[in-house]
Amino acid sequence: MKNNNVLWILLASLSLVMGLGASHAYEVGNVQAGGSIHGRVSFLGSPPEPLHFKVEKNPEVCGQERSLMKVESRDGFLTGAVVVLEGVNTGKSFSPKTFTGNLPGEGAFRYLGGESLGLQVKTKGCNFGPFTGVITANEAVRFQNQDSVKHVLHSFVSKDTKGKILRTVHNQDLQPHDAIERVFPPDKMEDGVVVRIICNRHDFMQNWLYVVDNPYFAISDQEGRFTIKEIPPGTYTLLVRHPVLGEQRQVVTIDAQANLQVVFQFADK
C-alpha cells in the first residue's frame, strides 16, 4: 500500500509538471475583438561609430573592408529594436516576414510563419542578415550559404545584454552554395534570452536573435516605428530590447478593438 501511495504521488507530480509546461506553450487560436499596438522607439544623442574591419579572408568575395553598425539611428529614431509582447498564450498564427541586412551584404532573415516561426537565414555577400532578429526554442532553422566561399557558423546562447557565452549550440562549416538545418533545442536555450550567430572566419558577421515564444513581436524600422496587431484583450508586458542599449519594459492593457500608442526612448551611453 505504501509503495502504491508513493507511485501515485510521483504520477500526480509528473502530471502536474507536464500540465504546467503545457499551459505555458503557445497555441494558435481565434482572436476575438483583438486590439493593436502602434509605437515608436526614439534615440537621444549620437550613435557610436560603426566598427571597421579589414577583411583578411576572402576579400575577393567579401570586399577589402567591411563595417558593422551596432546602433542604427536616423533623425532621432532607432532601427532594429526588437519589441516583444510577453504573456500571450493563445492567439494569431506567426506571420511571414523578411528582414534584410545592410549593404554591401545581402543576407536576410526570412520567417515563413504559420504554426511556427519558420526562420530561414540566407547568407549572401558575407552577411547573415540584419543585426537583430528573433528565434524560438526547439526550432529547426535553415541556413543557406549563397556565397562562393565557406563560412563557419558559430551559434551560442547568452543570458545578458553583453552577449557573454552561456553555452554553444552549434559550430558548423557552411560550405559554398550549401544549406543545412539545425535545431535549437530547449535544453540548450534554457536561461537564455538571445542566440548570437557569428562567422568564425569573418569577424564582421555578427547577429543577435532574441528568443520569443509567441508571434506578437516587431522590429523597429528606419523611422523607429513598430506595429503589433490582433492582440487578445488583456494585460501584458511590452518589452523592447537592443543589443547595445539594453532593454525597457511597459505594462500595457489591450482593450477590445483598441489601438494603443506607446513610446520607448533610449539614450547614448
# chains A, B, ... in the order shown; residues from 1 in each chain; ligands from 1

call {"tool": "residues_around", "arguments": {"residues": "Gln250 (chain A)", "least_positions_apart": "3", "cutoff": "9 Å", "atoms": "only C-alpha atoms", "output": "tab-separated table (two decimals) with all heavy atoms, in the first residue's frame"}}
result
chain	number	residue	atom	x	y	z
A	236	TYR	N	-0.53	42.78	-20.43
A	236	TYR	CA	0.72	42.11	-20.77
A	236	TYR	C	1.90	43.01	-20.43
A	236	TYR	O	1.74	44.17	-20.05
A	236	TYR	CB	0.75	41.77	-22.27
A	236	TYR	CG	-0.46	41.05	-22.78
A	236	TYR	CD1	-1.47	41.75	-23.46
A	236	TYR	CD2	-0.60	39.69	-22.61
A	236	TYR	CE1	-2.59	41.07	-23.95
A	236	TYR	CE2	-1.71	39.00	-23.09
A	236	TYR	CZ	-2.70	39.71	-23.76
A	236	TYR	OH	-3.80	39.04	-24.23
A	237	THR	N	3.10	42.46	-20.64
A	237	THR	CA	4.33	43.25	-20.53
A	237	THR	C	4.89	43.44	-21.93
A	237	THR	O	5.11	42.46	-22.66
A	237	THR	CB	5.37	42.55	-19.65
A	237	THR	OG1	4.87	42.43	-18.31
A	237	THR	CG2	6.66	43.35	-19.62
A	238	LEU	N	5.10	44.68	-22.30
A	238	LEU	CA	5.70	45.01	-23.59
A	238	LEU	C	7.18	45.29	-23.35
A	238	LEU	O	7.54	46.18	-22.58
A	238	LEU	CB	5.01	46.22	-24.22
A	238	LEU	CG	5.44	46.57	-25.65
A	238	LEU	CD1	5.05	45.45	-26.61
A	238	LEU	CD2	4.79	47.89	-26.09
A	239	LEU	N	8.02	44.51	-24.01
A	239	LEU	CA	9.46	44.57	-23.80
A	239	LEU	C	10.15	44.99	-25.08
A	239	LEU	O	9.85	44.48	-26.15
A	239	LEU	CB	9.96	43.18	-23.37
A	239	LEU	CG	11.46	42.92	-23.34
A	239	LEU	CD1	12.13	43.77	-22.29
A	239	LEU	CD2	11.73	41.43	-23.09
A	240	VAL	N	11.07	45.94	-24.96
A	240	VAL	CA	11.89	46.33	-26.11
A	240	VAL	C	13.35	46.06	-25.76
A	240	VAL	O	13.81	46.39	-24.66
A	240	VAL	CB	11.66	47.81	-26.50
A	240	VAL	CG1	11.99	48.75	-25.35
A	240	VAL	CG2	12.49	48.17	-27.73
A	262	VAL	N	2.26	53.65	-27.93
A	262	VAL	CA	3.31	53.61	-26.92
A	262	VAL	C	4.58	54.21	-27.48
A	262	VAL	O	4.80	54.25	-28.70
A	262	VAL	CB	3.58	52.16	-26.43
A	262	VAL	CG1	2.36	51.56	-25.79
A	262	VAL	CG2	4.08	51.30	-27.57
A	264	PHE	N	8.93	54.34	-26.61
A	264	PHE	CA	10.14	53.99	-25.86
A	264	PHE	C	11.23	54.96	-26.23
A	264	PHE	O	11.31	55.42	-27.38
A	264	PHE	CB	10.59	52.57	-26.17
A	264	PHE	CG	9.72	51.49	-25.60
A	264	PHE	CD1	8.75	50.87	-26.40
A	264	PHE	CD2	9.86	51.08	-24.28
A	264	PHE	CE1	7.94	49.88	-25.88
A	264	PHE	CE2	9.06	50.08	-23.76
A	264	PHE	CZ	8.10	49.48	-24.55

call {"tool": "residues_around", "arguments": {"residues": "Asn207 (chain A)", "least_positions_apart": "2", "cutoff": "7 Å", "atoms": "only C-alpha atoms", "output": "tab-separated table (two decimals) with C-alpha atoms, in the first residue's frame"}}
result
chain	number	residue	atom	x	y	z
A	130	PRO	CA	20.14	42.22	-40.18
A	131	PHE	CA	21.91	42.84	-36.87
A	132	THR	CA	18.81	41.85	-34.86
A	196	ARG	CA	24.09	35.06	-31.23
A	197	ILE	CA	25.39	33.87	-34.58
A	198	ILE	CA	28.83	34.76	-35.85
A	205	MET	CA	29.44	38.83	-39.46
A	209	LEU	CA	18.40	36.70	-32.31

call {"tool": "closest_residue", "arguments": {"among": "A:Lys92, A:Lys159, A:Arg110, A:His202", "to": "Asn127 (chain A)", "atoms": "only C-alpha atoms"}}
result
A:His202

call {"tool": "closest_residue", "arguments": {"among": "A:Pro59, A:Gly29, A:Gly76, A:Pro185", "to": "Pro47 (chain A)", "atoms": "only C-alpha atoms"}}
result
A:Gly76

call {"tool": "closest_residue", "arguments": {"among": "A:Leu51, A:Val252, A:Cys62, A:Val183", "to": "Gly105 (chain A)", "atoms": "only C-alpha atoms"}}
result
A:Cys62

call {"tool": "atom_distance", "arguments": {"atom1": "CA of Phe128 (chain A)", "atom2": "CA of Glu106 (chain A)"}}
result
7.9 Å

call {"tool": "closest_residue", "arguments": {"among": "A:Asn214, A:Gln172, A:Gln120, A:Asn200", "to": "Val141 (chain A)", "atoms": "only C-alpha atoms"}}
result
A:Gln120

call {"tool": "closest_residue", "arguments": {"among": "A:Val61, A:Thr79, A:Ala179, A:Val194", "to": "Asp147 (chain A)", "atoms": "only C-alpha atoms"}}
result
A:Val61

call {"tool": "closest_residue", "arguments": {"among": "A:Pro104, A:Gly34, A:Pro176, A:Pro243", "to": "Gly125 (chain A)", "atoms": "only C-alpha atoms"}}
result
A:Pro104

call {"tool": "residues_around", "arguments": {"residues": "Ser46 (chain A)", "least_positions_apart": "2", "cutoff": "8 Å", "atoms": "only C-alpha atoms", "output": "PyMOL selection string"}}
result
chain A and resi 44+48+268

call {"tool": "atom_distance", "arguments": {"atom1": "CA of Thr253 (chain A)", "atom2": "CA of Trp208 (chain A)"}}
result
28.7 Å

call {"tool": "decode", "arguments": {"residues": "region 32-58 of chain A", "atoms": "N, CA, C and O atoms", "output": "compact mmCIF listing (two decimals), in the first residue's frame"}}
result
# COMPACT_ATOMS: atom_id res chain seq x y z
N GLN A 32 -10.74 37.08 -30.78
CA GLN A 32 -12.00 37.80 -30.81
C GLN A 32 -11.77 39.25 -30.39
O GLN A 32 -11.22 39.52 -29.33
N ALA A 33 -12.18 40.19 -31.24
CA ALA A 33 -12.11 41.63 -30.93
C ALA A 33 -10.70 42.05 -30.53
O ALA A 33 -10.50 42.75 -29.54
N GLY A 34 -9.72 41.59 -31.29
CA GLY A 34 -8.33 41.88 -30.96
C GLY A 34 -7.98 43.35 -31.07
O GLY A 34 -8.57 44.10 -31.86
N GLY A 35 -7.02 43.77 -30.27
CA GLY A 35 -6.53 45.14 -30.32
C GLY A 35 -5.17 45.20 -30.99
O GLY A 35 -4.67 44.20 -31.52
N SER A 36 -4.57 46.37 -30.99
CA SER A 36 -3.26 46.54 -31.63
C SER A 36 -2.42 47.55 -30.85
O SER A 36 -2.94 48.34 -30.06
N ILE A 37 -1.12 47.47 -31.10
CA ILE A 37 -0.17 48.42 -30.52
C ILE A 37 0.61 49.06 -31.65
O ILE A 37 1.15 48.37 -32.52
N HIS A 38 0.63 50.38 -31.65
CA HIS A 38 1.46 51.12 -32.58
C HIS A 38 2.43 51.95 -31.75
O HIS A 38 2.02 52.60 -30.78
N GLY A 39 3.69 51.92 -32.11
CA GLY A 39 4.65 52.64 -31.29
C GLY A 39 5.86 53.12 -32.05
O GLY A 39 6.00 52.89 -33.26
N ARG A 40 6.74 53.75 -31.29
CA ARG A 40 7.95 54.30 -31.88
C ARG A 40 9.07 54.22 -30.84
O ARG A 40 8.83 54.41 -29.64
N VAL A 41 10.28 53.94 -31.32
CA VAL A 41 11.45 53.88 -30.44
C VAL A 41 12.37 55.02 -30.83
O VAL A 41 12.86 55.07 -31.97
N SER A 42 12.61 55.93 -29.89
CA SER A 42 13.47 57.07 -30.18
C SER A 42 14.85 56.87 -29.57
O SER A 42 15.06 56.03 -28.69
N PHE A 43 15.79 57.68 -30.04
CA PHE A 43 17.17 57.60 -29.56
C PHE A 43 17.71 59.00 -29.40
O PHE A 43 17.72 59.80 -30.34
N LEU A 44 18.17 59.32 -28.18
CA LEU A 44 18.74 60.62 -27.89
C LEU A 44 20.26 60.55 -27.89
O LEU A 44 20.84 59.66 -27.26
N GLY A 45 20.88 61.48 -28.58
CA GLY A 45 22.33 61.52 -28.62
C GLY A 45 22.87 61.07 -29.95
O GLY A 45 22.15 60.91 -30.94
N SER A 46 24.17 60.84 -29.98
CA SER A 46 24.84 60.42 -31.20
C SER A 46 25.19 58.93 -31.11
O SER A 46 25.81 58.52 -30.12
N PRO A 47 24.82 58.15 -32.09
CA PRO A 47 25.16 56.72 -32.05
C PRO A 47 26.66 56.53 -32.19
O PRO A 47 27.36 57.36 -32.79
N PRO A 48 27.19 55.46 -31.62
CA PRO A 48 28.63 55.19 -31.77
C PRO A 48 28.99 54.94 -33.23
O PRO A 48 28.15 54.51 -34.03
N GLU A 49 30.23 55.22 -33.56
CA GLU A 49 30.70 54.99 -34.91
C GLU A 49 30.66 53.50 -35.24
O GLU A 49 30.86 52.66 -34.36
N PRO A 50 30.40 53.14 -36.49
CA PRO A 50 30.44 51.73 -36.86
C PRO A 50 31.82 51.13 -36.64
O PRO A 50 32.83 51.84 -36.69
N LEU A 51 31.87 49.84 -36.39
CA LEU A 51 33.14 49.14 -36.28
C LEU A 51 33.66 48.86 -37.69
O LEU A 51 32.89 48.43 -38.57
N HIS A 52 34.92 49.10 -37.91
CA HIS A 52 35.52 48.89 -39.23
C HIS A 52 36.48 47.71 -39.19
O HIS A 52 37.25 47.54 -38.23
N PHE A 53 36.44 46.89 -40.23
CA PHE A 53 37.25 45.68 -40.29
C PHE A 53 37.99 45.64 -41.62
O PHE A 53 37.41 45.93 -42.67
N LYS A 54 39.26 45.27 -41.56
CA LYS A 54 39.99 44.94 -42.77
C LYS A 54 39.81 43.45 -43.02
O LYS A 54 40.10 42.62 -42.15
N VAL A 55 39.30 43.10 -44.18
CA VAL A 55 38.96 41.72 -44.48
C VAL A 55 40.23 40.92 -44.76
O VAL A 55 40.97 41.21 -45.71
N GLU A 56 40.48 39.91 -43.94
CA GLU A 56 41.68 39.09 -44.09
C GLU A 56 41.42 37.85 -44.95
O GLU A 56 42.32 37.40 -45.67
N LYS A 57 40.20 37.31 -44.88
CA LYS A 57 39.90 36.09 -45.63
C LYS A 57 38.81 36.38 -46.66
O LYS A 57 37.80 37.01 -46.37
N ASN A 58 39.05 35.90 -47.87
CA ASN A 58 38.09 36.01 -48.98
C ASN A 58 37.72 37.45 -49.33
O ASN A 58 36.54 37.77 -49.55
